[in-house]
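Colleague: Got a file for you: start.txt, compact mmCIF, C-alpha atoms.
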# COMPACT_ATOMS: atom_id res chain seq x y z
CA MET A 1 -13.83 73.14 90.39
CA ASP A 2 -14.29 74.48 86.89
CA ILE A 3 -10.91 76.15 86.44
CA ALA A 4 -12.26 78.17 83.52
CA ALA A 5 -14.95 79.77 85.70
CA ILE A 6 -14.52 83.50 86.16
CA ASP A 7 -14.21 83.15 89.95
CA ALA A 8 -11.77 80.20 89.91
CA PRO A 9 -8.59 82.31 90.26
CA LEU A 10 -10.05 84.15 93.27
CA LEU A 11 -11.23 80.92 94.94
CA LEU A 12 -7.84 79.27 94.44
CA THR A 13 -6.04 82.36 95.71
CA LYS A 14 -8.16 82.38 98.89
CA GLU A 15 -7.35 78.70 99.47
CA ALA A 16 -3.64 79.28 98.90
CA LEU A 17 -3.58 82.21 101.32
CA ASN A 18 -5.53 80.19 103.91
CA ASP A 19 -2.80 77.53 103.61
CA GLY A 20 -0.07 80.13 104.14
CA GLY A 21 0.91 80.08 100.46
CA TRP A 22 1.50 77.19 98.10
CA ASP A 23 4.87 75.62 97.37
CA VAL A 24 3.70 73.77 94.25
CA LEU A 25 1.12 74.49 91.57
CA VAL A 26 0.47 71.86 88.90
CA HIS A 27 -1.62 72.86 85.89
CA ASN A 28 -2.85 69.49 84.68
CA ALA A 29 -6.43 70.20 83.60
CA GLY A 30 -6.97 69.82 79.88
CA ILE A 31 -9.54 68.83 77.30
CA THR A 32 -9.68 67.90 73.63
CA ARG A 33 -12.37 68.75 71.11
CA ASP A 34 -10.78 67.31 67.99
CA LYS A 35 -11.81 68.52 64.55
CA THR A 36 -9.93 69.64 61.49
CA ILE A 37 -9.61 73.41 61.28
CA ALA A 38 -12.13 73.47 58.41
CA ASN A 39 -14.74 71.82 60.64
CA MET A 40 -13.85 73.60 63.87
CA GLN A 41 -16.66 75.56 65.47
CA GLN A 42 -15.68 78.68 67.38
CA GLY A 43 -17.08 77.30 70.64
CA LEU A 44 -14.92 74.17 70.39
CA TRP A 45 -11.84 76.25 69.68
CA GLN A 46 -12.52 78.64 72.55
CA SER A 47 -13.35 76.00 75.16
CA VAL A 48 -10.06 74.14 74.54
CA VAL A 49 -7.96 77.30 74.58
CA ASN A 50 -9.77 78.62 77.66
CA ILE A 51 -9.25 75.47 79.76
CA ASN A 52 -5.83 74.39 78.45
CA LEU A 53 -4.13 77.81 78.39
CA SER A 54 -6.08 80.90 79.42
CA ALA A 55 -7.20 79.48 82.79
CA GLN A 56 -3.57 78.76 83.66
CA GLU A 57 -2.61 82.34 82.87
CA ARG A 58 -5.47 83.79 84.92
CA ILE A 59 -4.74 81.51 87.89
CA ASN A 60 -1.00 82.29 87.81
CA ASP A 61 -1.68 86.02 87.63
CA ALA A 62 -4.09 85.94 90.58
CA LEU A 63 -1.82 83.81 92.77
CA LEU A 64 1.25 85.91 92.00
CA GLU A 65 -0.53 89.23 92.48
CA ALA A 66 -1.77 88.13 95.92
CA GLY A 67 1.60 86.67 96.95
CA ALA A 68 -0.08 83.27 97.34
CA LEU A 69 2.94 81.31 96.06
CA THR A 70 5.87 80.94 98.43
CA SER A 71 9.43 81.89 97.58
CA GLY A 72 10.96 78.81 95.99
CA ALA A 73 7.57 77.67 94.68
CA ARG A 74 7.35 75.43 91.64
CA ILE A 75 4.81 75.83 88.84
CA VAL A 76 4.51 72.75 86.63
CA CYS A 77 2.39 72.86 83.49
CA VAL A 78 1.25 69.99 81.32
CA SER A 79 1.74 70.61 77.61
CA SER A 80 1.92 67.91 74.92
CA ILE A 81 4.00 66.65 72.04
CA SER A 82 1.12 68.08 69.98
CA GLY A 83 2.17 71.51 71.27
CA ILE A 84 5.65 70.91 69.87
CA ALA A 85 4.83 69.21 66.56
CA GLY A 86 1.10 69.69 65.97
CA ASN A 87 -1.26 66.84 65.18
CA LEU A 88 -3.78 66.32 62.42
CA GLY A 89 -7.29 67.13 63.62
CA GLN A 90 -6.07 68.76 66.82
CA THR A 91 -5.42 72.32 65.72
CA ASN A 92 -7.05 73.90 68.78
CA TYR A 93 -5.40 71.43 71.17
CA ALA A 94 -1.96 71.86 69.57
CA PHE A 95 -2.38 75.64 69.63
CA SER A 96 -3.31 75.63 73.33
CA LYS A 97 -0.45 73.31 74.29
CA ALA A 98 2.05 75.33 72.23
CA GLY A 99 0.74 78.35 74.13
CA VAL A 100 1.57 76.60 77.40
CA ILE A 101 5.15 76.17 76.18
CA GLY A 102 5.29 79.85 75.21
CA MET A 103 3.92 80.85 78.61
CA VAL A 104 6.57 78.75 80.37
CA HIS A 105 9.37 80.29 78.31
CA SER A 106 8.15 83.86 78.72
CA GLN A 107 7.30 83.65 82.43
CA ALA A 108 10.48 81.87 83.57
CA PRO A 109 12.75 84.93 83.84
CA LEU A 110 10.01 87.01 85.50
CA LEU A 111 9.27 84.30 88.06
CA ALA A 112 12.96 83.64 88.71
CA ALA A 113 13.22 87.15 90.12
CA ARG A 114 10.69 86.02 92.75
CA GLY A 115 12.46 82.73 93.44
CA ILE A 116 9.79 80.73 91.62
CA THR A 117 10.36 78.25 88.79
CA ILE A 118 8.00 77.32 85.97
CA ASN A 119 8.50 74.27 83.77
CA ALA A 120 6.35 71.91 81.72
CA VAL A 121 6.08 68.29 80.76
CA ALA A 122 5.08 67.36 77.21
CA PRO A 123 3.62 63.85 77.15
CA GLY A 124 3.49 61.87 73.95
CA PHE A 125 1.16 58.91 73.47
CA ILE A 126 0.12 57.86 76.99
CA GLU A 127 -2.14 54.87 77.67
CA THR A 128 -5.27 56.37 79.27
CA GLN A 129 -9.04 56.02 79.08
CA MET A 130 -8.97 58.81 76.49
CA THR A 131 -6.49 57.02 74.22
CA ALA A 132 -8.34 53.71 74.70
CA ALA A 133 -11.25 55.29 72.80
CA ILE A 134 -9.07 56.01 69.75
CA PRO A 135 -9.61 53.58 66.84
CA PHE A 136 -7.26 50.57 67.06
CA ALA A 137 -5.07 51.33 64.01
CA ILE A 138 -4.49 54.95 65.06
CA ARG A 139 -3.82 53.84 68.64
CA GLU A 140 -1.23 51.31 67.44
CA ALA A 141 0.45 53.95 65.28
CA GLY A 142 0.62 56.26 68.31
CA ARG A 143 2.23 53.51 70.36
CA ARG A 144 4.86 52.76 67.73
CA MET A 145 5.82 56.35 66.85
CA ASN A 146 8.67 56.39 69.37
CA SER A 147 11.94 54.56 69.93
CA MET A 148 10.39 52.38 72.65
CA GLY A 149 7.61 51.12 70.38
CA GLN A 150 4.97 51.40 73.10
CA GLY A 151 2.68 53.88 74.74
CA GLY A 152 3.75 55.60 77.92
CA LEU A 153 1.99 55.27 81.25
CA SER A 154 0.34 57.89 83.41
CA VAL A 155 2.91 57.19 86.12
CA ASP A 156 5.66 58.27 83.71
CA VAL A 157 4.09 61.70 83.45
CA ALA A 158 3.30 61.84 87.19
CA GLU A 159 6.91 61.09 88.12
CA ALA A 160 8.23 63.80 85.80
CA ILE A 161 5.80 66.28 87.35
CA ALA A 162 6.79 65.17 90.87
CA TRP A 163 10.46 65.71 90.05
CA LEU A 164 9.80 69.19 88.65
CA ALA A 165 7.81 69.98 91.81
CA SER A 166 10.64 68.85 94.08
CA PRO A 167 13.71 70.73 95.33
CA ALA A 168 15.80 68.33 93.20
CA SER A 169 14.81 70.35 90.12
CA SER A 170 15.71 73.77 91.50
CA GLY A 171 18.23 74.30 88.70
CA LEU A 172 15.55 74.07 86.02
CA ASN A 173 13.43 77.01 84.91
CA GLY A 174 11.66 77.58 81.61
CA ASN A 175 12.16 74.01 80.43
CA VAL A 176 9.89 71.55 78.67
CA ILE A 177 10.55 67.90 79.49
CA ARG A 178 9.32 65.49 76.85
CA VAL A 179 7.72 62.34 78.31
CA CYS A 180 7.29 60.58 75.00
CA GLY A 181 9.68 57.65 74.64
CA GLN A 182 11.65 59.72 72.11
CA SER A 183 8.64 60.30 69.88
CA LEU A 184 9.30 60.78 66.21
CA LEU A 185 6.82 63.68 66.31
CA GLY A 186 8.64 66.92 66.93
CA ALA A 187 12.05 65.21 66.84
Show me the file's structure as structure tokens.
Modeller:
Amino acid sequence: MDIAAIDAPLLLTKEALNDGGWDVLVHNAGITRDKTIANMQQGLWQSVVNINLSAQERINDALLEAGALTSGARIVCVSSISGIAGNLGQTNYAFSKAGVIGMVHSQAPLLAARGITINAVAPGFIETQMTAAIPFAIREAGRRMNSMGQGGLSVDVAEAIAWLASPASSGLNGNVIRVCGQSLLGA
């Protein structure tokens, strides 16, 4: 599904209601369209912000308005270290991921009143197909910019998300968990 499509929130809400309400919602869709701000075209800016941030807001609003999230539900968003510290050539991406952090912080007290938590993970340099396409020297710098001196793995992020989605994290709301090996960025 294209989560940025105008009908996506309605389609997801129908599915959630058909399931009797959802206990967990993970916002993990995201894209990059890297350019410096001077070379950024409006369409590139808007597509990143729409998918990485605005779609999450629209989906949350639709699900909450319809009562399609159960009491005790968990919303887990994927942000980024770039949303905390920025990153050269990723102004739109950093903006959208900082917006995710702002959404988590602002929505937490409102959702708590409904028995729902919202938290985020902020991955650092994670070894993926996307990072494999980065030029070698930049990729090596990304790997070494943390106290572990290596890139993280997708499973590291997945396990943090799984924990935030579980009852074991019921005491957390409005938090951003860095999954970055203690990255020097944003320290």
Colleague: Take atom CA of Asn119 of chain A and atom CA of Leu172 of chain A and report the distance between them in Å, one decimal.
Modeller: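 Result for atom CA of Asn119 of chain A versus atom CA of Leu172 of chain A: 7.4 Å, one decimal.
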Colleague: Distance atom CA of Ala73 of chain A-atom CA of Val26 of chain A, one decimal place?
Modeller: 10.8 Å
Colleague: Atom CA of Ile6 of chain A to atom CA of Leu25 of chain A: how many Å, to one decimal?
Modeller: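 Going from atom CA of Ile6 of chain A over to atom CA of Leu25 of chain A, I get 18.8 Å.
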Colleague: Just the residues within 8 Å of segment 112-114 of chain A, please, counting all atoms listed in the file, with nothing from its chain fewer than 3 positions along; format it as a list in words.
Modeller: Ser71, Gly72, Ala108, Pro109, Thr117 and Asn173 of chain A
Colleague: Considering only C-alpha atoms, state which residue in the set A:Met1, A:Val121, A:Leu44, A:Val179 is at the smallest distance from Ile101 of chain A.
Modeller: A:Val121
